[in-house]
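Here's the structure, in structure tokens; my notes come after.
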Protein chains: 2
Amino acid sequence: MVSAGKGLKILITNDDGVKSKGISALTEMMKPFGDVTVVAPFEAQSGMSAALTIGKPLRLTELKREKGVKIFACSGTPADCVKMAVNQLFNDGLPDLLVSGINHGSNASIASLYSGTLGAAAEGTVYGIPSIGFSLNSHDPNADLSVVSHFGKIIIEEFLKNPVKPETYLNINFPATTIDKVKGIKFCHQGRGQWIKEFEARTDPYGFKYYWMTGEFFNLENNNNEADHNLVDQNYISIVPHKIDTTDYNELERLESLWNLT
Amino acid sequence: MVSAGKGLKILITNDDGVKSKGISALTEMMKPFGDVTVVAPFEAQSGMSAALTIGKPLRLTELKREKGVKIFACSGTPADCVKMAVNQLFNDGLPDLLVSGINHGSNASIASLYSGTLGAAAEGTVYGIPSIGFSLNSHDPNADLSVVSHFGKIIIEEFLKNPVKPETYLNINFPATTIDKVKGIKFCHQGRGQWIKEFEARTDPYGFKYYWMTGEFFNLENNNNEADHNLVDQNYISIVPHKIDTTDYNELERLESLWNLT
């Protein structure tokens, strides 16, 4: 388990790929807390959710090894990266902490369902590793990440004092602003929303249609200040605990009483 | 919304691909309930969770059109198939019902996290479509599906009388046995479990290592007869309602009271 001390074994991954600015910033942020092992996708794996690679083999390549930091690239998804790390690199014991990100783009609201950043955090949680996803509300690959680096350290300190319970992980989203403009850090729920108008249809040079995924976010909880995406839009840092047991226990009881299954 | 009448607009998808035996059996099972539109992946997409295809375009190909049944193949993931169907084929109104499967392989316990079958059901739920995933506890592509066809119809009838509430979908797993050996149908929770020993390492002809995902299921809830995977192993049909809002509200309150974020 995690503790407030230093010297932790830390696993870092992401979904934007091992060469992204976000994962470099996260590695720098985490170094003071212990030994860092990065295992991240060779290439961008955004929108991969908790997908696994089945039916084709994976590669694991060491890119760098220096005091306190080892960096590997994996040919698979973010969840594959976590599985590969745990099975191949942490044979002597699980990491004390998994941090995923810093994602270039918000993973608030329904984005949490599709997020590879959070798929990796969910996978860490399946193994019993305390896990956190960090995301910035900007898709700019060169975005200023100082808000995450600054407040992320404070959040990690709190996390080490009072970690999340087993089977739950944290999804933390940061506004794309400067440190002085952040209004606060708030625990909140996964906001309701969905994408609409999701495809742009085009015609290829041979006369056949093809479709690019695009889409607009549609806010289903416009005036709720407890919803993570609304808080981030107002320059708060949002923290949502997500469960890997997604059973709807109330609905289980309700349907059980209504359905005739004898 | 769904109702007990016939004449429904039904969307069918899966993750084993449009040519699998499972989706053909599901199409036959659903035909008596209304007009069926199948939109399923060209190729197997097992383990894809709720992944989306970002950064490369998608294709949608009509394969068949006859009275009451239209079949399309999509080049993307199961969740892509649902998005494509809703955006391109159901412009005049959402489907009344989404059914995903019949998956060749159990999606009980932690398999629900990785399942493309359930990723599609989650995606349907995001749109507000009442959604169900059906899976058989056998990976045999030629498995006998009569247990699902027989009890699936009974379950659909109950579902139409008392549908699941919005933002929740059903994950239904069937034992791989004969109709007479089924002990019953039970509402239950997502069982606890994980995979271990997940990779088989090999060396390629050039001397480099590569890894096949394999793994053994490790049961974390061995003696719990309310856990879905244990019930399926005992020849029950399991029904788990899963939420798309995966916020851990209890943990939210607990951490909020403990963390010092002022």
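Here's how to read the names in the structure tokens: chain A, B, ... by the order shown, residue numbers from 1 in each chain, ligand numbers from 1 in the order shown.
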
DSSP-assigned alpha helix (DSSP H) among range 120-202 of chain B, expressed as a list of chain:residue names: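 Of range 120-202 of chain B, only B:Ala120, B:Ala121, B:Ala122, B:Glu123, B:Gly124, B:Thr125, B:Val126, B:Ser146, B:Val147, B:Val148, B:Ser149, B:His150, B:Phe151, B:Gly152, B:Lys153, B:Ile154, B:Ile155, B:Ile156, B:Glu157, B:Glu158, B:Phe159, B:Leu160, B:Lys161 fall in alpha helix (DSSP H).
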
Shell around range 55-72 of chain B at 6 Å using only C-alpha atoms, local window under 5 positions removed, as a PyMOL selection string: (chain A and resi 210-212) or (chain B and resi 35-39)

Only N, CA and C atoms, please: the residues just picked out, written as an mmCIF file, in the first residue's frame.
```cif
data_model
loop_
_atom_site.group_PDB
_atom_site.id
_atom_site.type_symbol
_atom_site.label_atom_id
_atom_site.label_comp_id
_atom_site.auth_asym_id
_atom_site.auth_seq_id
_atom_site.Cartn_x
_atom_site.Cartn_y
_atom_site.Cartn_z
ATOM 1 N N TYR A 210 -16.429 7.421 -46.701
ATOM 2 C CA TYR A 210 -15.756 7.070 -45.460
ATOM 3 C C TYR A 210 -16.072 8.144 -44.422
ATOM 4 N N TYR A 211 -15.823 7.840 -43.156
ATOM 5 C CA TYR A 211 -16.315 8.676 -42.062
ATOM 6 C C TYR A 211 -15.205 8.974 -41.054
ATOM 7 N N TRP A 212 -15.017 10.255 -40.762
ATOM 8 C CA TRP A 212 -14.113 10.667 -39.685
ATOM 9 C C TRP A 212 -14.927 10.921 -38.428
ATOM 10 N N ASP B 35 -38.322 -4.761 -36.356
ATOM 11 C CA ASP B 35 -37.382 -4.578 -37.467
ATOM 12 C C ASP B 35 -35.961 -4.508 -36.927
ATOM 13 N N VAL B 36 -35.122 -5.366 -37.486
ATOM 14 C CA VAL B 36 -33.761 -5.504 -36.984
ATOM 15 C C VAL B 36 -32.769 -4.822 -37.927
ATOM 16 N N THR B 37 -31.903 -3.986 -37.355
ATOM 17 C CA THR B 37 -30.762 -3.445 -38.091
ATOM 18 C C THR B 37 -29.493 -3.940 -37.397
ATOM 19 N N VAL B 38 -28.695 -4.690 -38.139
ATOM 20 C CA VAL B 38 -27.419 -5.174 -37.608
ATOM 21 C C VAL B 38 -26.315 -4.252 -38.106
ATOM 22 N N VAL B 39 -25.515 -3.730 -37.188
ATOM 23 C CA VAL B 39 -24.294 -2.997 -37.560
ATOM 24 C C VAL B 39 -23.185 -3.577 -36.694
#
```

Long-range neighbours of Val164 in chain A as a PyMOL selection string, 9 Å cut-off, only C-alpha atoms, 4 positions minimum in chain: (chain A and resi 130-131+159+168-170+241) or (chain B and resi 251+255)

Could you save those same residues with N, CA and C atoms as an mmCIF file, in the first residue's frame?
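For reference, out_39.cif as written:
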```
data_model
loop_
_atom_site.group_PDB
_atom_site.id
_atom_site.type_symbol
_atom_site.label_atom_id
_atom_site.label_comp_id
_atom_site.auth_asym_id
_atom_site.auth_seq_id
_atom_site.Cartn_x
_atom_site.Cartn_y
_atom_site.Cartn_z
ATOM 1 N N PRO A 130 -3.115 1.296 -6.075
ATOM 2 C CA PRO A 130 -3.779 2.611 -5.982
ATOM 3 C C PRO A 130 -3.464 3.414 -7.249
ATOM 4 N N SER A 131 -4.492 3.888 -7.928
ATOM 5 C CA SER A 131 -4.313 4.422 -9.285
ATOM 6 C C SER A 131 -5.023 5.755 -9.476
ATOM 7 N N PHE A 159 -3.135 12.219 -1.310
ATOM 8 C CA PHE A 159 -3.455 10.831 -1.665
ATOM 9 C C PHE A 159 -2.633 9.858 -0.816
ATOM 10 N N THR A 168 -11.421 1.278 -6.358
ATOM 11 C CA THR A 168 -11.807 2.617 -6.826
ATOM 12 C C THR A 168 -10.532 3.372 -7.218
ATOM 13 N N TYR A 169 -10.626 4.179 -8.287
ATOM 14 C CA TYR A 169 -9.478 4.990 -8.721
ATOM 15 C C TYR A 169 -9.940 6.431 -8.895
ATOM 16 N N LEU A 170 -8.970 7.331 -9.017
ATOM 17 C CA LEU A 170 -9.323 8.744 -9.127
ATOM 18 C C LEU A 170 -9.104 9.266 -10.541
ATOM 19 N N PRO A 241 -13.915 9.896 -7.864
ATOM 20 C CA PRO A 241 -13.573 8.494 -7.619
ATOM 21 C C PRO A 241 -14.479 7.617 -8.499
ATOM 22 N N GLU B 251 -17.200 6.929 -1.635
ATOM 23 C CA GLU B 251 -15.777 7.278 -1.533
ATOM 24 C C GLU B 251 -15.579 8.771 -1.751
ATOM 25 N N LEU B 255 -13.481 10.728 1.051
ATOM 26 C CA LEU B 255 -12.233 11.442 0.759
ATOM 27 C C LEU B 255 -12.396 12.953 0.957
#
```

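You can rank A:Ser100, A:Asn219, A:Gln88, A:Ser146 by their closest distance to chain B using only C-alpha atoms, and at the top of that list sits A:Gln88.
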
From B:Glu200, B:Asp233, B:Glu216, B:Glu221, residue lying nearest chain A [only C-alpha atoms]: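 Among B:Glu200, B:Asp233, B:Glu216, B:Glu221, it is B:Glu200 that comes nearest to chain A.
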
Backbone-only DSSP, strand (DSSP E or B) members of range 81-243 of chain B, as a PyMOL selection string: chain B and resi 97-104+131-136+168-174+184-187+189+193-196+199-203+209-213+216-219+227+236-243

Best match for closeness to chain B among A:Ser106, A:Ser135, A:Asn173, A:Thr246, counting only C-alpha atoms: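 Nearest to chain B: A:Thr246.
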
Shortest interatomic distance to Ala50 in chain B - which of B:Pro32, B:Gly191, B:Gly76, B:Gly22, counting only C-alpha atoms: B:Gly76

Length of the CA of Val232 in chain A to CA of Asn137 in chain A vector [Å]: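 Between CA of Val232 in chain A and CA of Asn137 in chain A the gap is 7.6 Å.
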
Among listed residues A:Asn91, A:Thr178, A:Ser138, A:Asn260, nearest chain B (using only C-alpha atoms): A:Asn260

Spatial neighbours of Lys243 in chain B, max dist 12 Å, only C-alpha atoms, sep filter under 2 positions, as a PyMOL selection string: (chain A and resi 113+190+242-252) or (chain B and resi 112-113+118-119+121-123+125-126+131+164-171+189-190+240-241+245-248)

Interatomic distance (Å, one decimal) between CA of Gly116 in chain B and CA of Gly101 in chain B: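 Those two atoms sit 9.4 Å apart.
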
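Considering only C-alpha atoms, the residue among A:Met30, A:Ala108, A:Leu145, A:Thr177 positioned nearest to Ser238 in chain A is A:Ala108.
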
Between CA of Lys186 in chain B and CA of Ala79 in chain B, distance in Å (one decimal): 27.2 Å

Residue contacts of Ser20 in chain A (12 Å, only C-alpha atoms) excluding same-chain residues fewer than 2 positions away, as a list in words: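 Neighbouring residues, sequence-local ones excluded: Thr13, Asn14, Asp15, Asp16, Gly17, Val18, Gly22, Ile23, Ser24, Ala25, Leu26, Thr27, Ala40, Pro41, Phe42, Glu43, Ala44, Gln45, Ala73, Gly101, Ile102, Asn103, His104, His139, Asp140, Pro141, Asn142, Ala143 and Leu145 of chain A.
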